[in-house]
Number of protein chains: 2
Amino acid sequence: MSPIIQQDGRTRVVIENVTPRVDDGSFPVRRIIGDTVIVEADMFTDGHDAISCALLYKKEGASQWTEAFMEPLVNDRWRGTFKVEELGFYLYTVSAWIDRFQTWSHALEKRIEAKQDVTIDLIIGAEMIATAGRLAPPKEAAWHEIYADSVRAGGPDGLARAASAELADLMRRNAERLFSITCEQEFRVQVDPERARFGAWYELFPRSTSPVPGRHGTFKDLEARLPYVAAMNFDVLYLPPIHPIGRSFRKGRNNSTTAGPDDPGSPWAIGAAEGGHKAIHPDLGTLADFRHLVESAARYGLELALDIAFQCSPDHPYVTEHPEWFRKRPDGTIQYAENPPKKYQDIFPFDFETDAWRELWEELRSVVQFWVDQGVRIFRVDNPHTKAFAFWQWMIAEIKRDCPEAIFLAEAFTRPKVMHRLAKAGFTQSYNYFPWRNTKWELTQYLTDLTKTEVKEFFGPNLWPNTPDILPEYLQYGGRPAHMARFILAATLGPSYGIYGPVFELCENRPLAPGREEYLDSEKFEIRVWDLDRPDSLNSLIGQVNQIRRDNSAFRTNHNLRFHEVDNEQIIAYSKSSEDGSNDVLVVVNLDPHFKQSGFITLPLEEFGLDLRQPYQAHDLLTDARYLWHGARNYVELNPKSVPAHIFVIRRKVRTEHDFDYYQ
Amino acid sequence: MSPIIQQDGRTRVVIENVTPRVDDGSFPVRRIIGDTVIVEADMFTDGHDAISCALLYKKEGASQWTEAFMEPLVNDRWRGTFKVEELGFYLYTVSAWIDRFQTWSHALEKRIEAKQDVTIDLIIGAEMIATAGRLAPPKEAAWHEIYADSVRAGGPDGLARAASAELADLMRRNAERLFSITCEQEFRVQVDPERARFGAWYELFPRSTSPVPGRHGTFKDLEARLPYVAAMNFDVLYLPPIHPIGRSFRKGRNNSTTAGPDDPGSPWAIGAAEGGHKAIHPDLGTLADFRHLVESAARYGLELALDIAFQCSPDHPYVTEHPEWFRKRPDGTIQYAENPPKKYQDIFPFDFETDAWRELWEELRSVVQFWVDQGVRIFRVDNPHTKAFAFWQWMIAEIKRDCPEAIFLAEAFTRPKVMHRLAKAGFTQSYNYFPWRNTKWELTQYLTDLTKTEVKEFFGPNLWPNTPDILPEYLQYGGRPAHMARFILAATLGPSYGIYGPVFELCENRPLAPGREEYLDSEKFEIRVWDLDRPDSLNSLIGQVNQIRRDNSAFRTNHNLRFHEVDNEQIIAYSKSSEDGSNDVLVVVNLDPHFKQSGFITLPLEEFGLDLRQPYQAHDLLTDARYLWHGARNYVELNPKSVPAHIFVIRRKVRTEHDFDYYQ
């Protein structure tokens with residue numbers, strides 16, 4: 001016989017197309033704790049025999065699989081589910097077998113309907129029942145005897161017993177699964193904490209938090225700023241690098257190549273005589289101050305996120321202690337960062353092709369571990385797309401083995417497949433093209449790609465309307481209304497989003513130069529002082545929207561996003577519904593920052609469980625206005641000068657349209 | 001270090017999504033001899049380094065891979081091609097590496113543009129060139145020296161040499177591929193003869209070929225029928241089973257359960273005292289007659305296809321010689337075929353769960369091998385979906401190992417995934433739902449599924465408007481015009497199609513009973529005599545269309561099908577273009593068998609390489625009429641009473657619209 005027969009030739013069931021799976025099963029799918037994982041597969045056999053199918057799952061490392069019977073959908077597809085209740089990894093696969101008893105049972109029913117003689121069929125069935133009884137636990141074996149005898153005897157009693165749910169159940173549990181097949185491949189689910197999917201991030205420069213103009217802000221100053229951030233109902237407070245900053249080739253204000261004596265330098269030029277990636281900038285405080293900050297933030301409901309930027313200033317201790325981790329030029333100098341013809345002489349990249357790569361990896365891992373040991377669980381990783389994928393895959397797995405709640409946000413503004421590969425390699429979340437998706441068409445296309453394609457199984461988008469590196473054109477020319485619109489889009493399109501403040505809430509929008517999408521007088525290169533109490537600040541709107549996000553569970557997931565038709569290209573409308581269907585939100589945003597826009601929005605009432613003939617309530621959570629809507633088409637009008645958006649909760653009518661309390 | 005590091009951590013390039021591949025690479029893709037296989041993959045690395053990628057391919061069993069450099073498309077996707085020039089299997093995979101020389105070369109160009117000092121860069125380049133020279137074949141090593149020296153020296157000469165195509169070529173061949181990665185998975189292509197994709201099939205019952213009414217036709221009678229079949233320009237002549245027919249429970253006319261003494265029985269009730277699957281029905285002739293028939297058919301350009309029906313009449317010698325291959329009932333009788341409540345007591349199915357499955361498989365393989373040994377290369381397999389997939393996969397692989405030109409057509413009118421699995425298991429072609437796809441919407445949807453989705457990589461549809469088992473309703477009520485329309489659809493929508501004659505060309509369409517889709521007085525159960533010279537026979541139309549298929553290479557492929565808009569739901573229009581673009585055909589069919597229909601057809605002129613401003617010629621190959629068309633929208637009108645279709649060749653204008661000879 002040919003060697004292609006890998007298994008018993010009598011195995012007649014086949015298994016195909018198990019989902020979810022990422023890249024043929026090479027990478028885990030992502031879920032958060034408490035999620036229900038829906039597993040499907042195509043399973044079938046030749047001929048007319050009935051099959052049964054089981055989902056097998058277990059926590060990684062467990063010795064035993066848990067089994068759950070799967071249900072048939074249409075077209076030979078089967079579905080089973082399991083709940084992930086612990087952080088870490090779960091494994092799943094599927095199994096199938098020809099179910100002789102069910103096959104017999106279906107056939108018997110048809111024979112009886114056709115009034116055929118079933119004497120021999122009953123003998124066949126009784127034999128199957130008795131055989132299964134010999135494999136059954138002792139307390140059930142007796143039942144098998146009883147059923148076998150009764151079926152063999154036939155008559156009204158025997159036929160009733162043959163068709164009974166009790167017998168079907170006994171047989172499902174105890175019948176031998178002859179020639180069963182189990183999918184050889186085991187698929188993985190990575191289970192993360194809820195913050196991996198849902199969170200509002202706020203970024204600020206700690207050195208700009210001093211109440212005294214001109215003085216370098218400290219962790220203590222930052223602690224005093226915590227109530228301000230917490231009042232806006234943020235979940236994560238993210239700090240740019242807090243390490244000593246190099247002096248060689250230090251950049252001056254507005255990225256000039258010569259720094260003045262008082263210029264603080266870019267926090268991303270990491271490393272100086274005072275230390276490197278495990279040290280704290282002396283002007284910010286001590287490690288003890290930092291630990292205190294982490295604890296204080298937690299008391300305000302804020303998780304601290306640190307920046308991981310794996311690169312060195314020329315003054316970093318690594319440069320002299322581990323010259324083998326850097327590439328040398330023929331003149332003996334170390335190769336600085338370049339993207340020809342641009343040169344970044346203040347930055348030395350690590351050489352991931354060094355012979356000493358194992359030591360380098362180990363050291364970089366220890367950097368992350370060091371901050372994990374200080375209580376940090378969330379890391380925003382700078383430019384991960386310029387470091388080896390294999391390194392990230394290893395490093396993140398190493399960290400998460402002992403700290404499965406760790407979250408890594410990739411700052412990867414790069415080509416789509418590179419971005420996706422970083423996610424597959426282990427990054428929990430990623431920056432993305434949201435800052436440059438402004439029109440209705442662009443937003444609809446892009447968010448549909450992120451939420452409806454295979455990408456949703458592994459890629460967690462985090463939507464940022466601005467960053468210290470990016471002041472999009474739309475914010476530059478659209479001013480405060482544009483900031484409001486982009487903020488509401490970010491906060492409601494995605495479960496995770498962030499802003500870089502206080503520039504954002506203060507609508508700071510002067511570019512470095514016309515046509516440039518960078519901030520003038522950027523905090524990257526200088527210390528700034530902000531007037532947080534300005535009456536035009538968006539801070540209360542932000543606080544309100546973050547509270548709405550917390551109160552409405554529809555905002556907690558990603559793949560439930562649907563866009564709706566509006567007969568005006570300047571107005572975008574989309575809805576989200578919670579898993580349990582109890583919460584439906586509808587967001588409508590005017591994308592034109594200059595003029596009032598209006599139009600008719602068309603809703604798929606059936607999907608909302610609404611009745612065409614009954615009015616329903618659209619309750620705007622921003623203004624508390626309650627609108628009584630009828631039918632699928634309703635009018636909206638939005639003025640960018642006040643608030644350019646509605647965030648509606650949609651409520652079905654319970655009793656009468658005159659009593660709003662009866663909408664639920 | 002964690003065990004997840006499978007490779008050198010310095011390997012920075014990644015490979016994803018290699019195509020074509022079927023079920024994550026579990027099954028081979030199908031091509032025919034002479035095809036060019038287009039292989040693509042996503043390949044990229046971190047950072048800005050250039051990469052190079054190679055396609056590796058070889059005939060299965062060869063020790064060495066052949067390498068072909070791949071070209072970048074957009075979005076990190078690469079493409080390479082190879083031609084399959086022998087029957088059997090080819091393997092392919094891809095490889096990629098960081099191309100340091102190209103990276104250097106691109107950077108150098110930018111630095112020179114920016115007027116930077118490149119002294120050190122030239123030293124770096126020269127060193128690379130010299131290093132590669134040490135790996136180069138001796139006759140090229142000297143060139144490396146020369147280039148290295150010249151680049152190191154710089155100046156206009158050095159810079160010109162650095163940028164030269166000759167140096168790029170040398171380096172591409174000789175530079176070491178540091179940290180290169182090769183996709184671990186090897187993908188397979190199954191290469192079949194052209195007949196696997198392209199062929200017109202004709203099915204007839206040999207026993208109905210006697211010139212003497214009432215006499216059982218013989219192979220000699222069938223030889224006399226060959227000129228008739230060949231005149232219709234068919235490629236394959238397919239015969240229902242030619243074996244001895246059982247007498248027990250023999251079916252009579254119109255499938256009655258009692259046969260008269262002269263009823264010949266169904267040829268699918270295989271096996272009698274005279275022999276089984278390797279024997280010939282004595283009334284048809286001898287094995288020598290059969291061999292003679294195979295040779296005669298070949299002289300007429302006809303390949304003979306045999307029916308493989310793995311089932312037995314109760315009189316088959318296997319039943320007594322190998323009772324272990326059948327399932328027993330408790331009363332000691334053998335289990336006949338059933339689909340409860342239907343019973344087929346004239347048929348015993350094999351038990352593919354028998355303990356003796358290896359012997360059974362071996363015997364069934366030997367049946368096919370026996371007919372291969374008689375010169376048969378094409379097999380139409382009856383009801384393969386009621387036998388184990390694993391058996392087919394093994395059997396077909398076994399046969400094709402020594403006879404790679406063998407073709408297997410699956411008669412699998414079953415659920416889509418079962419049908420697809422049989423194709424994956426090795427069937428070359430398959431019957432499909434074409435007989436029941438009649439409206440424009442149905443045809444467009446179904447043929448798009450077959451030709452544009454992943455299915456096209458492994459599933460070869462063979463389109464039959466009728467079979468001995470299927471007389472679709474549309475043919476019943478539509479008469480001769482319906483037969484013409486369905487024939488032209490089958491012959492032009494798919495490269496492979498077939499008809500069951502002479503009922504088809506004679507438009508025989510009386511159903512067994514109202515609402516039944518079976519033929520009355522079916523040849524399955526009786527011998528029929530046909531008047532082949534009837535003036536209303538479609539034989540000359542069939543011959544003409546088959547000649548058009550042979551003359552126009554656009555009809556030879558499957559995935560080139562495109563549907564076009566017509567503003568009349570009764571008219572369907574589609575086109576095909578040959579791989580080399582030299583042949584564009586446009587088919588327009590009136591689906592209404594009763595009334596004349598007309599409408600405007602809209603063509604995507606650009607895809608045909610046509611100019612909006614120039615007229616072009618639509619030459620109807622059925623009527624030889626030549627129409628001068630202008631622009632995208634043109635009028636068509638089709639009368640079902642004459643011919644309900646156009647088969648146009650579309651010709652671009654070369655010189656003047658007044659001289660048709662100048663269209664090409």
# chains A, B, ... in the order shown; residues from 1 in each chain; ligands from 1
$ residues_around --residues "Ala269 in chain A" --least-positions-apart "3" --cutoff "6 Å" --atoms "only C-alpha atoms" --output "MDAnalysis selection string"
chainID A and resid 245:246 266 313
$ write_last_selection --atoms "all heavy atoms" --output "mmCIF file, in the first residue's frame"
data_model
loop_
_atom_site.group_PDB
_atom_site.id
_atom_site.type_symbol
_atom_site.label_atom_id
_atom_site.label_comp_id
_atom_site.auth_asym_id
_atom_site.auth_seq_id
_atom_site.Cartn_x
_atom_site.Cartn_y
_atom_site.Cartn_z
ATOM 1 N N ILE A 245 18.502 61.451 29.173
ATOM 2 C CA ILE A 245 18.523 61.838 27.755
ATOM 3 C C ILE A 245 19.956 62.180 27.352
ATOM 4 O O ILE A 245 20.678 62.871 28.090
ATOM 5 C CB ILE A 245 17.586 63.051 27.539
ATOM 6 C CG1 ILE A 245 16.132 62.631 27.830
ATOM 7 C CG2 ILE A 245 17.719 63.610 26.117
ATOM 8 C CD1 ILE A 245 15.144 63.773 27.840
ATOM 9 N N GLY A 246 20.372 61.669 26.200
ATOM 10 C CA GLY A 246 21.743 61.900 25.729
ATOM 11 C C GLY A 246 22.027 63.366 25.447
ATOM 12 O O GLY A 246 21.111 64.163 25.206
ATOM 13 N N SER A 266 15.227 65.341 23.257
ATOM 14 C CA SER A 266 14.094 64.443 23.030
ATOM 15 C C SER A 266 14.170 63.257 23.978
ATOM 16 O O SER A 266 15.217 62.625 24.103
ATOM 17 C CB SER A 266 14.111 63.936 21.585
ATOM 18 O OG SER A 266 13.320 62.768 21.496
ATOM 19 N N SER A 313 20.983 56.773 22.698
ATOM 20 C CA SER A 313 21.742 57.976 22.372
ATOM 21 C C SER A 313 23.217 57.552 22.356
ATOM 22 O O SER A 313 23.573 56.518 22.925
ATOM 23 C CB SER A 313 21.497 59.049 23.432
ATOM 24 O OG SER A 313 22.529 59.027 24.411
#
$ residues_around --residues "range 530-542 of chain A" --least-positions-apart "2" --cutoff "9 Å" --atoms "only C-alpha atoms" --output "list in words"
Ser208, Thr209, Tyr228, Val229, Ala231, Met232, Asn233, Phe234, Arg480, His483, Met484, Phe487, Ile488, Pro502, Val503, Phe504, Glu505, Leu506, Cys507, Arg528, Gln544, Val545, Asn546, Gln547 and Leu622 of chain A
$ select_by_dssp --residues "range 363-394 of chain A" --states "strand (DSSP E or B)" --output "list of chain:residue names"
A:Ile378, A:Phe379, A:Arg380, A:Val381, A:Asp382
$ closest_atom_pairs --of "chain A" --to "chain B" --cutoff "6 Å" --atoms "only C-alpha atoms" --output "CSV"
residue,atom,partner,partner_atom,distance
A:Arg10,CA,B:Glu353,CA,5.0
A:Arg12,CA,B:Ala388,CA,5.4
A:Asp24,CA,B:Asp24,CA,5.8
A:Asp46,CA,B:Thr386,CA,5.0
A:Gly47,CA,B:Thr386,CA,4.0
A:Ala107,CA,B:Pro340,CA,5.5
A:Lys110,CA,B:Pro341,CA,5.6
A:Arg111,CA,B:Pro341,CA,5.2
A:Pro340,CA,B:Ala107,CA,5.5
A:Pro341,CA,B:Arg111,CA,5.1
A:Glu353,CA,B:Arg10,CA,5.0
A:His385,CA,B:Asp46,CA,5.1
A:Thr386,CA,B:Gly47,CA,4.0
A:Lys387,CA,B:Asp46,CA,5.8
A:Ala388,CA,B:Arg12,CA,5.4
$ write_last_selection --atoms "C-alpha atoms" --output "PDB file, in the first residue's frame"
ATOM      1  CA  ARG A  10     -11.987   3.174   7.442  1.00  0.00           C
ATOM      2  CA  ARG A  12     -14.604   8.239   6.614  1.00  0.00           C
ATOM      3  CA  ASP A  24      -3.368  28.604   8.623  1.00  0.00           C
ATOM      4  CA  ASP A  46     -19.463  10.163   2.287  1.00  0.00           C
ATOM      5  CA  GLY A  47     -22.952   8.783   1.830  1.00  0.00           C
ATOM      6  CA  ALA A 107     -33.661   5.594   9.127  1.00  0.00           C
ATOM      7  CA  LYS A 110     -38.539   6.951   7.897  1.00  0.00           C
ATOM      8  CA  ARG A 111     -39.148   3.192   7.682  1.00  0.00           C
ATOM      9  CA  PRO A 340      18.960  57.927   3.429  1.00  0.00           C
ATOM     10  CA  PRO A 341      19.479  60.700   2.778  1.00  0.00           C
ATOM     11  CA  GLU A 353      22.049  40.868  13.020  1.00  0.00           C
ATOM     12  CA  HIS A 385       8.702  47.868  12.740  1.00  0.00           C
ATOM     13  CA  THR A 386      12.401  48.704  12.657  1.00  0.00           C
ATOM     14  CA  LYS A 387      13.314  45.764  14.886  1.00  0.00           C
ATOM     15  CA  ALA A 388      13.197  42.046  14.040  1.00  0.00           C
TER      16      ALA A 388
END
$ residues_around --residues "Ala618 in chain A" --least-positions-apart "3" --cutoff "7 Å" --atoms "only C-alpha atoms" --output "ChimeraX atom specification"
/A:626-629,648-651
